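Below is one structure, written out as structure tokens, with a few remarks after it.
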Amino acid sequence: MKKIYETSIINTGGRSGEVYSPDKSFSYEVVSPGIKKEHTTNPEQLFAAAYSACFNSALEVVMAKEGIKSKSTVTARVSLYSASKEDFQVAVQLEVKIDDVEKIQAEELVAKAHEVCPYSKATRNNIDVELIVV
């Protein structure tokens, strides 16, 4: 397999710290979910952003292969669960809308994208991922 891209993000302080790229082109203060401060994020938001962008790109590849030029929108909802004080799990809902495509065809396209998307491959059989076509 040929590597086509690599990046690095550094975290200091966990959920009470910061994340940043070595060149500082990406930099956010990190807070725990539920804490609202300007210009902050949390791991769940970062994962939702990354998964939705990656999945939508995979969907665009699948649609292009099928000759479909519709606009697609992917909303990722990442939930954090706690089974105990030291046992945590995440789950994802991907809500997908494809303009001007019938729901049955959209469901087929989304299923194909789920096979192509690197994030879907990485999470498969590890966390719950629910696909919702609207």
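Residues in the structure tokens are numbered from 1 in each chain, the chains being A, B, ... in the order shown, and ligands are numbered from 1 in the order shown.
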
**Report entry** For Leu131 (chain A): contacts at 9 Å, only C-alpha atoms, fewer than 6 positions along chain excluded, given as a PyMOL selection string
**Finding:** chain A and resi 92-96+107+110-111+114

Writer output for current selection, N, CA and C atoms, as a JSON list (two decimals), in the first residue's frame:
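Saved the output as again34.json:
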[["chain", "number", "residue", "atom", "x", "y", "z"],
["A", 92, "VAL", "N", -21.27, 6.21, 16.77],
["A", 92, "VAL", "CA", -21.44, 7.21, 15.73],
["A", 92, "VAL", "C", -22.74, 6.97, 14.97],
["A", 93, "GLN", "N", -23.43, 8.05, 14.68],
["A", 93, "GLN", "CA", -24.54, 8.04, 13.73],
["A", 93, "GLN", "C", -24.11, 8.93, 12.58],
["A", 94, "LEU", "N", -24.17, 8.39, 11.36],
["A", 94, "LEU", "CA", -23.91, 9.19, 10.17],
["A", 94, "LEU", "C", -25.23, 9.41, 9.46],
["A", 95, "GLU", "N", -25.67, 10.65, 9.44],
["A", 95, "GLU", "CA", -26.91, 11.01, 8.76],
["A", 95, "GLU", "C", -26.52, 11.57, 7.40],
["A", 96, "VAL", "N", -27.01, 10.93, 6.33],
["A", 96, "VAL", "CA", -26.58, 11.27, 4.97],
["A", 96, "VAL", "C", -27.77, 11.73, 4.14],
["A", 107, "GLU", "N", -29.47, 4.78, -0.22],
["A", 107, "GLU", "CA", -29.05, 3.75, 0.75],
["A", 107, "GLU", "C", -27.98, 2.85, 0.15],
["A", 110, "VAL", "N", -24.72, 4.87, 0.06],
["A", 110, "VAL", "CA", -24.18, 5.01, 1.40],
["A", 110, "VAL", "C", -23.53, 3.70, 1.86],
["A", 111, "ALA", "N", -24.17, 2.58, 1.57],
["A", 111, "ALA", "CA", -23.58, 1.28, 1.93],
["A", 111, "ALA", "C", -22.24, 1.06, 1.23],
["A", 114, "HIS", "N", -19.62, 3.22, 2.82],
["A", 114, "HIS", "CA", -19.23, 2.66, 4.11],
["A", 114, "HIS", "C", -18.14, 1.59, 3.94]]

**Report entry** Test item: residues at most 12 Å from Glu102 (chain A), only C-alpha atoms, excluding those fewer than 6 positions along its chain, as a PyMOL selection string
**Finding:** chain A and resi 68+70+108-109+133-134

Report summary line: Counting only C-alpha atoms, the residue among A:Tyr20, A:Tyr81, A:Tyr119, A:Phe26 that lies closest to Ala48 (chain A) is A:Tyr119

Query raised in the report: Contacts of region 32-43 of chain A at 8 Å or less, counting only C-alpha atoms, minus same-chain residues fewer than 3 places along, as a list in words?
Result: Arg15, Ser16, Tyr28, Glu29, Leu46 and Phe47 of chain A

**Report entry** helix (DSSP H, G or I) call set, DSSP backbone run, region 64-119 of chain A, as a count of residues only
**Finding:** 18

**Report entry** Residues of chain A in strand (DSSP E), written as a PyMOL selection string
**Finding:** chain A and resi 10-12+18-20+27-30+40-41+72-84+87-98+128-133

Report summary line: Using only C-alpha atoms, the best pick from A:Lys85, A:Arg77, A:Lys71, A:Lys65 as closest to Tyr51 (chain A) would be A:Arg77

**Report entry** Selection near Val19 (chain A), 6 Å with only C-alpha atoms, sequence-local residues under 5 positions removed, as a PyMOL selection string
**Finding:** chain A and resi 10-11+27-28

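Our summary of the geometry notes that CA of Glu115 (chain A) is positioned 21.8 Å from CA of Glu6 (chain A).
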
**Report entry** Between CA of Tyr5 (chain A) and CA of Ser25 (chain A) - distance in Å to one decimal
**Finding:** 16.7 Å

Query - Long-range neighbours of Asn126 (chain A) as a ChimeraX atom specification, 12 Å cut-off, only C-alpha atoms, 5 positions minimum in chain - result: /A:89-92,119-121

Query raised in the report: Could you state the separation of CA of Pro22 (chain A) and CA of Ser8 (chain A) in Å, given to one decimal place?
Result: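 So the answer is 7.1 Å.
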
Query raised in the report: Any idea what's packed within 7 Å of Phe55 (chain A), counting only C-alpha atoms, ignoring anything in its chain fewer than 3 positions away? Could you give it as a ChimeraX atom specification?
Result: /A:51-52,58-59,113,117
